[in-house]
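Structure data follow from protein.txt (compact mmCIF, C-alpha atoms):
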```txt
# COMPACT_ATOMS: atom_id res chain seq x y z
CA MET B 1 -19.60 26.27 -7.11
CA LYS B 2 -22.88 24.47 -7.34
CA ASP B 3 -25.61 25.37 -9.78
CA ASN B 4 -29.30 25.07 -8.97
CA LYS B 5 -29.45 21.50 -10.14
CA LYS B 6 -26.57 20.62 -7.85
CA SER B 7 -28.27 22.26 -4.89
CA GLU B 8 -30.89 19.54 -5.13
CA GLU B 9 -28.33 16.81 -4.85
CA THR B 10 -29.27 14.09 -2.38
CA LEU B 11 -27.02 12.86 0.38
CA LEU B 12 -26.75 9.52 -1.38
CA GLU B 13 -25.60 11.20 -4.57
CA PHE B 14 -23.07 13.19 -2.62
CA LYS B 15 -21.82 10.02 -0.92
CA LYS B 16 -21.44 8.14 -4.18
CA SER B 17 -19.60 11.03 -5.82
CA LEU B 18 -16.67 10.44 -3.45
CA PHE B 19 -15.95 7.09 -5.10
CA TYR B 20 -14.51 7.92 -8.52
CA GLY B 21 -17.33 10.37 -9.10
CA GLU B 22 -17.53 14.12 -9.43
CA ARG B 23 -16.01 14.63 -5.99
CA ASN B 24 -13.63 11.73 -6.21
CA ASN B 25 -11.57 11.63 -3.03
CA LEU B 26 -9.12 8.75 -2.86
CA PHE B 27 -8.52 9.19 0.87
CA PHE B 28 -12.21 9.04 1.71
CA LYS B 29 -13.42 6.97 -1.24
CA PHE B 30 -14.37 4.20 1.17
CA LEU B 31 -17.30 6.35 2.29
CA GLY B 32 -18.70 6.28 -1.21
CA GLY B 33 -18.62 2.52 -1.54
CA ASP B 34 -20.98 -0.19 -0.35
CA LYS B 35 -19.44 -0.55 3.12
CA TYR B 36 -21.29 2.56 4.23
CA SER B 37 -25.05 2.85 3.92
CA GLU B 38 -26.56 6.28 3.45
CA LYS B 39 -27.56 6.24 7.11
CA GLU B 40 -24.06 5.28 8.24
CA PHE B 41 -22.61 7.98 6.02
CA ALA B 42 -24.86 10.58 7.65
CA GLN B 43 -23.79 9.30 11.06
CA PHE B 44 -20.16 9.57 10.01
CA LEU B 45 -20.60 13.20 9.01
CA GLU B 46 -22.45 14.05 12.19
CA ASN B 47 -19.79 12.42 14.38
CA LEU B 48 -17.01 13.99 12.33
CA LEU B 49 -18.34 17.48 12.96
CA ASN B 50 -18.84 16.86 16.66
CA ILE B 51 -15.35 15.42 17.12
CA LEU B 52 -13.83 18.19 15.03
CA ALA B 53 -15.43 20.86 17.20
CA SER B 54 -14.31 19.26 20.45
CA ASN B 55 -10.80 18.71 19.08
CA LEU B 56 -10.58 22.32 18.01
CA ASP B 57 -11.54 23.39 21.52
CA ALA B 58 -8.95 21.10 23.03
CA ASN B 59 -6.37 21.89 20.37
CA ASN B 60 -5.74 18.17 20.26
CA PHE B 61 -6.68 16.09 17.23
CA ASP B 62 -5.89 12.62 18.50
CA SER B 63 -9.52 11.53 18.71
CA LEU B 64 -10.19 12.92 15.22
CA LYS B 65 -7.30 10.86 13.85
CA GLU B 66 -8.55 7.75 15.62
CA PHE B 67 -12.10 8.36 14.39
CA VAL B 68 -10.96 8.59 10.77
CA PHE B 69 -8.68 5.59 11.21
CA GLN B 70 -11.51 3.42 12.54
CA ALA B 71 -13.84 4.67 9.82
CA GLN B 72 -11.30 3.67 7.21
CA ILE B 73 -10.99 0.18 8.69
CA LYS B 74 -14.76 -0.24 8.44
CA GLY B 75 -14.64 1.09 4.90
CA TYR B 76 -12.29 -1.62 3.69
CA LYS B 77 -13.61 -4.57 5.65
CA PRO B 78 -15.46 -7.06 3.43
CA LEU B 79 -19.18 -7.28 4.08
CA GLU B 80 -19.19 -10.98 3.34
CA GLN B 81 -16.68 -13.79 3.32
CA PRO B 82 -14.83 -13.34 0.02
CA ASP B 83 -15.06 -16.14 -2.51
CA ARG B 84 -12.04 -15.14 -4.61
CA TYR B 85 -8.41 -15.29 -3.64
CA VAL B 86 -9.06 -17.30 -0.50
CA TYR B 87 -6.23 -19.77 -0.08
CA GLU B 88 -5.78 -22.88 2.03
CA ASP B 89 -2.07 -23.50 1.43
CA PHE B 90 0.70 -21.78 3.37
CA PRO B 91 3.62 -20.74 1.16
CA TRP B 92 6.84 -20.44 3.13
CA THR B 93 10.57 -20.16 2.60
CA LYS B 94 12.78 -20.12 5.67
CA PHE B 95 14.98 -17.05 6.10
CA SER B 96 18.26 -18.65 7.02
CA LYS B 97 20.66 -15.74 7.56
CA LYS B 98 21.04 -12.87 9.96
CA LEU B 99 19.88 -9.50 8.65
CA SER B 100 23.39 -8.14 9.07
CA GLU B 101 24.55 -10.79 6.59
CA SER B 102 21.64 -10.40 4.17
CA LYS B 103 20.80 -8.66 0.93
CA LEU B 104 17.28 -7.23 0.79
CA SER B 105 15.13 -5.75 -1.92
CA MET B 106 11.81 -3.97 -1.85
CA ILE B 107 8.72 -3.83 -4.05
CA SER B 108 6.00 -1.23 -3.58
CA THR B 109 2.55 -1.16 -5.16
CA GLY B 110 2.60 2.63 -4.98
CA GLY B 111 2.99 3.22 -8.71
CA LEU B 112 6.36 4.98 -8.57
CA PHE B 113 8.76 5.27 -11.46
CA CYS B 114 11.68 7.42 -12.60
CA LYS B 115 10.90 10.49 -14.67
CA ASP B 116 12.56 9.13 -17.77
CA ASP B 117 11.10 5.64 -17.43
CA ASP B 118 7.30 5.91 -17.65
CA PRO B 119 5.90 2.37 -17.83
CA MET B 120 2.77 3.54 -19.68
CA ASP B 121 2.62 3.57 -23.46
CA PRO B 122 2.30 6.32 -24.52
CA PRO B 123 4.07 7.97 -21.55
CA GLY B 124 2.96 11.06 -19.70
CA MET B 125 -0.43 10.12 -18.27
CA THR B 126 -1.18 12.27 -15.21
CA GLN B 127 -2.63 11.06 -11.92
CA GLN B 128 -5.95 12.71 -12.73
CA GLU B 129 -6.01 11.04 -16.13
CA ALA B 130 -5.18 7.72 -14.52
CA ILE B 131 -8.10 8.11 -12.12
CA LYS B 132 -10.45 8.81 -15.01
CA ASN B 133 -9.04 5.81 -16.88
CA ILE B 134 -8.75 3.38 -14.00
CA GLY B 135 -10.49 0.71 -16.08
CA LYS B 136 -7.79 1.01 -18.71
CA ILE B 137 -5.11 0.83 -16.02
CA PHE B 138 -6.63 -2.42 -14.72
CA ARG B 139 -6.51 -3.90 -18.21
CA SER B 140 -2.93 -2.80 -18.88
CA PRO B 141 0.07 -5.11 -18.51
CA VAL B 142 1.52 -5.16 -15.00
CA ILE B 143 4.95 -3.57 -15.32
CA LEU B 144 7.63 -3.49 -12.66
CA SER B 145 9.56 -0.22 -12.63
CA SER B 146 13.19 -0.32 -11.52
CA ILE B 147 14.19 2.63 -9.37
CA PRO B 148 17.89 3.07 -8.47
CA ASN B 149 18.19 3.19 -4.70
CA ASN B 150 20.00 6.55 -4.89
CA THR B 151 17.30 8.26 -6.96
CA LEU B 152 16.62 11.84 -5.99
CA ARG B 153 13.05 12.53 -4.91
CA LYS B 154 12.70 15.15 -7.64
CA ASN B 155 13.23 12.44 -10.24
CA LEU B 156 10.43 10.21 -8.93
CA VAL B 157 6.93 10.20 -10.41
CA ILE B 158 3.93 8.70 -8.62
CA ARG B 159 0.84 7.67 -10.54
CA GLN B 160 -1.57 5.18 -9.05
CA PRO B 161 -5.34 5.58 -9.34
CA GLY B 162 -6.12 3.26 -6.43
CA TYR B 163 -5.05 5.43 -3.51
CA ASP B 164 -4.55 9.00 -2.35
CA ILE B 165 -0.98 9.82 -3.39
CA SER B 166 -0.79 13.18 -1.62
CA ALA B 167 1.29 11.89 1.30
CA ALA B 168 3.62 10.01 -1.06
CA LEU B 169 4.13 13.17 -3.09
CA THR B 170 5.31 14.87 0.09
CA ASP B 171 7.48 11.93 1.13
CA PRO B 172 7.68 8.81 -1.08
CA ASN B 173 8.91 6.73 1.86
CA VAL B 174 5.34 6.42 3.16
CA VAL B 175 4.74 3.76 0.49
CA PHE B 176 8.25 3.30 -0.93
CA PRO B 177 10.69 3.32 2.00
CA TYR B 178 13.81 3.41 -0.12
CA GLU B 179 15.62 6.04 1.91
CA ILE B 180 14.83 4.19 5.13
CA LEU B 181 16.20 0.89 3.82
CA THR B 182 19.31 2.61 2.48
CA LYS B 183 19.85 4.22 5.89
CA LEU B 184 19.56 0.83 7.61
CA LYS B 185 22.09 -0.58 5.18
CA ASN B 186 24.46 2.31 5.83
CA ASN B 187 24.08 1.61 9.56
CA ASN B 188 25.06 -2.03 8.91
CA LEU B 189 21.74 -3.43 10.15
CA ILE B 190 21.42 -4.96 6.68
CA LYS B 191 24.47 -6.15 4.78
CA SER B 192 23.28 -4.81 1.43
CA VAL B 193 20.31 -3.82 -0.69
CA THR B 194 19.73 -4.25 -4.38
CA ASP B 195 20.97 -1.46 -6.65
CA ASN B 196 17.36 -0.92 -7.66
CA PHE B 197 14.17 -1.01 -5.69
CA TYR B 198 10.91 -1.69 -7.50
CA SER B 199 7.35 -0.51 -7.87
CA PHE B 200 4.22 -1.30 -9.84
CA VAL B 201 0.61 -0.18 -9.88
CA GLY B 202 -1.18 -2.32 -7.33
CA ALA B 203 -4.55 -1.44 -8.85
CA CYS B 204 -4.08 -4.07 -11.53
CA SER B 205 -5.43 -7.28 -12.96
CA GLN B 206 -4.74 -9.96 -10.35
CA SER B 207 -4.87 -12.57 -13.08
CA ASN B 208 -2.14 -10.83 -15.07
CA LEU B 209 -0.12 -10.35 -11.91
CA ILE B 210 -0.35 -14.00 -10.89
CA LYS B 211 0.11 -15.62 -14.28
CA LYS B 212 2.52 -13.30 -16.06
CA ALA B 213 4.18 -10.55 -14.08
CA ALA B 214 5.11 -11.84 -10.63
CA PRO B 215 6.64 -15.12 -11.85
CA GLN B 216 9.02 -13.05 -14.01
CA TRP B 217 9.95 -10.90 -11.03
CA VAL B 218 11.14 -14.03 -9.21
CA ASP B 219 13.95 -14.31 -11.75
CA ILE B 220 14.90 -10.66 -11.21
CA MET B 221 15.35 -11.33 -7.50
CA ILE B 222 17.14 -14.66 -7.90
CA SER B 223 19.60 -13.19 -10.41
CA GLN B 224 20.61 -10.62 -7.76
CA LYS B 225 21.00 -13.25 -5.03
CA VAL B 226 18.44 -11.54 -2.86
CA ASP B 227 17.89 -13.06 0.60
CA GLY B 228 14.54 -11.42 1.27
CA VAL B 229 12.05 -8.98 -0.22
CA LEU B 230 10.04 -6.37 1.63
CA LEU B 231 6.60 -5.88 0.08
CA VAL B 232 4.91 -2.55 0.66
CA PRO B 233 1.35 -1.87 -0.46
CA ALA B 234 -0.02 1.58 -0.81
CA MET D 1 -4.26 -8.03 -2.51
CA SER D 2 -1.45 -7.51 -5.04
CA VAL D 3 1.27 -7.77 -2.39
CA GLY D 4 -0.31 -10.95 -1.07
CA HIS D 5 -0.06 -12.58 -4.47
CA VAL D 6 3.53 -11.45 -4.96
CA ALA D 7 4.41 -12.79 -1.50
CA ARG D 8 2.83 -16.17 -2.20
CA ILE D 9 4.56 -16.54 -5.56
CA PHE D 10 7.95 -15.47 -4.24
CA GLU D 11 7.79 -17.82 -1.26
CA ASN D 12 6.78 -20.74 -3.46
CA LYS D 13 9.89 -20.02 -5.55
CA GLY D 14 12.25 -19.84 -2.58
CA ILE D 15 12.33 -16.12 -1.80
CA PRO D 16 11.39 -15.07 1.75
CA THR D 17 9.15 -12.03 2.05
CA VAL D 18 7.80 -9.66 4.65
CA THR D 19 4.59 -7.85 3.79
CA LEU D 20 3.41 -4.63 5.36
CA LEU D 21 -0.33 -4.09 5.60
CA SER D 22 -2.29 -1.14 6.88
CA LYS D 23 -4.80 -2.27 9.48
CA SER D 24 -7.59 -1.62 6.97
CA PHE D 25 -6.28 -4.57 4.96
CA GLN D 26 -5.59 -6.89 7.88
CA HIS D 27 -8.21 -9.36 6.69
CA LEU D 28 -6.02 -10.16 3.67
CA ALA D 29 -3.29 -11.59 5.90
CA THR D 30 -5.39 -14.60 6.86
CA GLN D 31 -7.52 -14.75 3.72
CA MET D 32 -4.41 -15.17 1.56
CA ASN D 33 -2.16 -16.87 4.13
CA ILE D 34 0.54 -14.29 3.55
CA PRO D 35 3.76 -15.71 5.02
CA ARG D 36 5.05 -12.85 7.22
CA VAL D 37 2.92 -9.79 7.86
CA LEU D 38 3.40 -6.62 9.87
CA ILE D 39 0.11 -4.81 10.47
CA THR D 40 0.65 -1.07 10.82
CA ASN D 41 -1.61 1.45 12.51
CA ASN D 42 -1.32 3.78 9.56
CA TYR D 43 -3.80 5.11 7.04
CA VAL D 44 -4.15 3.64 3.59
CA GLY D 45 -1.68 5.38 1.32
CA ARG D 46 0.67 5.92 4.28
CA THR D 47 1.45 2.30 5.07
CA VAL D 48 4.93 2.99 6.44
CA GLY D 49 3.97 6.09 8.39
CA LEU D 50 3.24 9.75 8.10
CA PRO D 51 5.22 11.87 5.63
CA ASN D 52 8.53 13.20 6.95
CA ASP D 53 8.20 11.17 10.16
CA ILE D 54 11.58 9.54 9.69
CA ASN D 55 11.67 8.08 13.20
CA GLY D 56 8.22 6.55 12.87
CA GLN D 57 8.96 5.18 9.40
CA THR D 58 12.26 3.72 10.56
CA ALA D 59 10.61 2.04 13.54
CA THR D 60 8.03 0.46 11.22
CA ILE D 61 10.63 -0.85 8.80
CA LEU D 62 12.80 -2.18 11.61
CA LYS D 63 9.84 -4.14 12.97
CA ALA D 64 9.05 -5.40 9.49
CA ILE D 65 12.50 -6.69 8.60
CA ASP D 66 12.85 -8.13 12.09
CA LEU D 67 10.22 -10.63 10.99
CA PHE D 68 12.70 -12.15 8.55
CA GLU D 69 14.70 -13.39 11.53
CA LYS D 70 11.95 -13.85 14.11
CA ALA D 71 9.08 -15.47 12.22
CA ASP D 72 9.41 -19.23 12.39
CA SER D 73 6.16 -20.45 10.88
CA PRO D 74 3.93 -19.59 7.91
CA ASN D 75 1.36 -16.84 8.18
CA THR D 76 3.07 -15.10 11.07
CA ILE D 77 1.12 -11.91 11.72
CA VAL D 78 2.41 -9.19 14.01
CA GLU D 79 0.51 -6.03 14.88
CA ILE D 80 2.28 -2.84 15.86
```

As structure tokens, how would this structure be written, given the file I've shared?
Amino acid sequence: MKDNKKSEETLLEFKKSLFYGERNNLFFKFLGGDKYSEKEFAQFLENLLNILASNLDANNFDSLKEFVFQAQIKGYKPLEQPDRYVYEDFPWTKFSKKLSESKLSMISTGGLFCKDDDPMDPPGMTQQEAIKNIGKIFRSPVILSSIPNNTLRKNLVIRQPGYDISAALTDPNVVFPYEILTKLKNNNLIKSVTDNFYSFVGACSQSNLIKKAAPQWVDIMISQKVDGVLLVPA
Amino acid sequence: MSVGHVARIFENKGIPTVTLLSKSFQHLATQMNIPRVLITNNYVGRTVGLPNDINGQTATILKAIDLFEKADSPNTIVEI
């Protein structure tokens, strides 16, 4: 509940609070960033209410879903041409087998790990604590968690301060499709999968990822004679 | 961005990759010249699909891994 001081909050303050502020909302954090001006934010709210009312009347929420989807696209689109991590070369390795003869692995940036294998030191940080300490997370080593492909959902933990994990808590396959890949293997569409699938926190130092972590992960894949790796961001 | 870097490093070391991207991050596919990309019409944080939508998730993953066989040139980008 808001106190008197809060009742004087401006729209701009409210908007900004959605982005790692008092009202942090990782699904709608894009509204709090610089991709939406205060005026555009007000327009978003006005349109949201109008669409919500009409969808309630129609008992059909398709246009609401599309509205939010398009708003999210705008919220992540760069305002200017980026000057970092723009590449001119085209890395490429030919995939030379059929899928039915291939061994696949999977890496997700969703920040999943097994209950007894917390990559943080000390272990036990909660999602809310990670959000409050996102700067510390960015400065931490980038650690790849190994997750046996037969892990029960109840033994999975998800902690990643860069995205809204609520859907992944309901069903980890939305960012870590390990049950889907295992099903495809069991249906012989893929010859095999690695005993473990993998995850790390995608909200990380890109420099550490490029220079230290990812080159080591190459060896993990080569040692398992992997034919291809599916990469799934959150 | 993290998956783009992993994809680039893996491919340069001889490991083929397919990268999923929510449409909100589509710009990264060309910015980083990610080798094989499937753009999904899903929200951020639900890249593969909605929770418990096994059919939808399976369809997305089938389209993604299909790119291993079908893509024949770098920076192949397919939109669902």

Give me, as a tab-separated table, the closest atom pair and its distance (Å, one decimal) for every residue of chain B within a cut-off of 7 Å of chain D, counting only C-alpha atoms, rows sorted by chain and rising number.
```
residue	atom	partner	partner_atom	distance
B:Phe69	CA	D:Tyr43	CA	6.4
B:Gln72	CA	D:Ser24	CA	6.5
B:Ile73	CA	D:Ser24	CA	4.2
B:Tyr76	CA	D:Ser24	CA	5.7
B:Lys77	CA	D:Ser24	CA	6.8
B:Tyr85	CA	D:Met32	CA	6.6
B:Val86	CA	D:Gln31	CA	5.2
B:Tyr87	CA	D:Met32	CA	5.2
B:Phe90	CA	D:Asn33	CA	5.7
B:Pro91	CA	D:Asn12	CA	5.6
B:Trp92	CA	D:Glu11	CA	5.2
B:Thr93	CA	D:Pro16	CA	5.2
B:Lys94	CA	D:Pro16	CA	6.5
B:Phe95	CA	D:Phe68	CA	5.9
B:Lys98	CA	D:Glu69	CA	6.6
B:Tyr163	CA	D:Gly45	CA	5.9
B:Asp164	CA	D:Gly45	CA	5.9
B:Ile165	CA	D:Gly45	CA	6.5
B:Ala167	CA	D:Pro51	CA	5.8
B:Thr170	CA	D:Pro51	CA	6.3
B:Asp171	CA	D:Pro51	CA	5.0
B:Val174	CA	D:Val48	CA	4.8
B:Val175	CA	D:Thr47	CA	5.8
B:Ile180	CA	D:Thr58	CA	6.0
B:Gly202	CA	D:Ser2	CA	5.7
B:Gln206	CA	D:Ser2	CA	6.7
B:Ile210	CA	D:His5	CA	6.6
B:Ala214	CA	D:Val6	CA	5.9
B:Pro215	CA	D:Ile9	CA	6.8
B:Val218	CA	D:Phe10	CA	6.1
B:Asp227	CA	D:Ile15	CA	6.8
B:Gly228	CA	D:Pro16	CA	4.8
B:Val229	CA	D:Thr17	CA	4.8
B:Leu230	CA	D:Val18	CA	5.0
B:Leu231	CA	D:Thr19	CA	4.7
B:Val232	CA	D:Leu20	CA	5.4
B:Pro233	CA	D:Val3	CA	6.2
B:Ala234	CA	D:Gly45	CA	4.7
```

Write the selection just made, keeping C-alpha atoms, as a tab-separated table (two decimals), in the frame of the given file?
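Contents of the output file part.tsv:
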```tsv
chain	number	residue	atom	x	y	z
B	69	PHE	CA	-8.68	5.59	11.21
B	72	GLN	CA	-11.30	3.67	7.21
B	73	ILE	CA	-10.99	0.18	8.69
B	76	TYR	CA	-12.29	-1.62	3.69
B	77	LYS	CA	-13.61	-4.57	5.65
B	85	TYR	CA	-8.41	-15.29	-3.64
B	86	VAL	CA	-9.06	-17.30	-0.50
B	87	TYR	CA	-6.23	-19.77	-0.08
B	90	PHE	CA	0.70	-21.78	3.37
B	91	PRO	CA	3.62	-20.74	1.16
B	92	TRP	CA	6.84	-20.44	3.13
B	93	THR	CA	10.57	-20.16	2.60
B	94	LYS	CA	12.78	-20.12	5.67
B	95	PHE	CA	14.98	-17.05	6.10
B	98	LYS	CA	21.04	-12.87	9.96
B	163	TYR	CA	-5.05	5.43	-3.51
B	164	ASP	CA	-4.55	9.00	-2.35
B	165	ILE	CA	-0.98	9.82	-3.39
B	167	ALA	CA	1.29	11.89	1.30
B	170	THR	CA	5.31	14.87	0.09
B	171	ASP	CA	7.48	11.93	1.13
B	174	VAL	CA	5.34	6.42	3.16
B	175	VAL	CA	4.74	3.76	0.49
B	180	ILE	CA	14.83	4.19	5.13
B	202	GLY	CA	-1.18	-2.32	-7.33
B	206	GLN	CA	-4.74	-9.96	-10.35
B	210	ILE	CA	-0.35	-14.00	-10.89
B	214	ALA	CA	5.11	-11.84	-10.63
B	215	PRO	CA	6.64	-15.12	-11.85
B	218	VAL	CA	11.14	-14.03	-9.21
B	227	ASP	CA	17.89	-13.06	0.60
B	228	GLY	CA	14.54	-11.42	1.27
B	229	VAL	CA	12.05	-8.98	-0.22
B	230	LEU	CA	10.04	-6.37	1.63
B	231	LEU	CA	6.60	-5.88	0.08
B	232	VAL	CA	4.91	-2.55	0.66
B	233	PRO	CA	1.35	-1.87	-0.46
B	234	ALA	CA	-0.02	1.58	-0.81
```

Box along x, y and z, 6 Å on every side, all listed atoms of range 2-6 of chain D inside: centre and edge lengths in Å to one decimal, as AutoDock Vina command-line options.
```
--center_x 1.0 --center_y -10.0 --center_z -3.1 --size_x 17.0 --size_y 17.1 --size_z 16.0
```

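Distances to Ser207 in chain B were evaluated for B:Arg84, B:Lys97, B:Arg159, B:Lys154 using all atoms listed in the file, and the minimum falls at B:Arg84.
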
Contacts of Thr151 in chain B at 12 Å or less, counting all atoms listed in the file, minus same-chain residues fewer than 5 places along, as a PyMOL selection string?
chain B and resi 112-116+146+156-157+172+176+178-179+182+195-198

Between B:Tyr36, B:Thr194, B:Ala130, B:Ser166, single out the one closest to Asn149 in chain B, counting only C-alpha atoms.
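Smallest distance to Asn149 in chain B is found for B:Thr194.
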
Got a sec: who's within 12 Å of Asn25 in chain B, counting only C-alpha atoms, leaving out chain neighbours fewer than 6 positions off, as a list in words?
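In the requested form, the answer reads Phe14, Lys15, Lys16, Ser17, Leu18, Phe19, Leu31, Gly32, Gly33, Gln128, Ile131, Pro161, Gly162, Tyr163, Asp164, Ile165 and Ser166 of chain B.
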
Missing atoms in range 26-38 of chain D should be modelled up to N, CA and C atoms and reported as a short mmCIF file (atom, residue, chain, number, x, y, z; two decimals), keeping the file's coordinate frame.
```
data_model
loop_
_atom_site.label_atom_id
_atom_site.label_comp_id
_atom_site.auth_asym_id
_atom_site.auth_seq_id
_atom_site.Cartn_x
_atom_site.Cartn_y
_atom_site.Cartn_z
N GLN D 26 -6.03 -5.78 7.03
CA GLN D 26 -5.59 -6.89 7.88
C GLN D 26 -6.25 -8.20 7.47
N HIS D 27 -7.49 -8.14 7.04
CA HIS D 27 -8.21 -9.36 6.69
C HIS D 27 -7.50 -10.16 5.59
N LEU D 28 -6.71 -9.46 4.76
CA LEU D 28 -6.02 -10.16 3.67
C LEU D 28 -4.93 -11.09 4.19
N ALA D 29 -4.39 -10.78 5.36
CA ALA D 29 -3.29 -11.59 5.90
C ALA D 29 -3.72 -13.04 6.09
N THR D 30 -4.91 -13.23 6.63
CA THR D 30 -5.39 -14.60 6.86
C THR D 30 -6.12 -15.16 5.64
N GLN D 31 -6.81 -14.30 4.92
CA GLN D 31 -7.52 -14.75 3.72
C GLN D 31 -6.56 -15.36 2.71
N MET D 32 -5.36 -14.74 2.58
CA MET D 32 -4.41 -15.17 1.56
C MET D 32 -3.24 -15.97 2.15
N ASN D 33 -3.27 -16.17 3.47
CA ASN D 33 -2.16 -16.87 4.13
C ASN D 33 -0.81 -16.27 3.73
N ILE D 34 -0.72 -14.98 3.88
CA ILE D 34 0.54 -14.29 3.55
C ILE D 34 1.59 -14.71 4.59
N PRO D 35 2.78 -15.06 4.13
CA PRO D 35 3.76 -15.71 5.02
C PRO D 35 4.16 -14.91 6.26
N ARG D 36 4.63 -13.69 6.08
CA ARG D 36 5.05 -12.85 7.22
C ARG D 36 4.41 -11.49 7.02
N VAL D 37 3.67 -11.04 8.02
CA VAL D 37 2.92 -9.79 7.86
C VAL D 37 3.13 -8.90 9.07
N LEU D 38 3.42 -7.63 8.82
CA LEU D 38 3.40 -6.62 9.87
C LEU D 38 2.21 -5.71 9.61
#
```
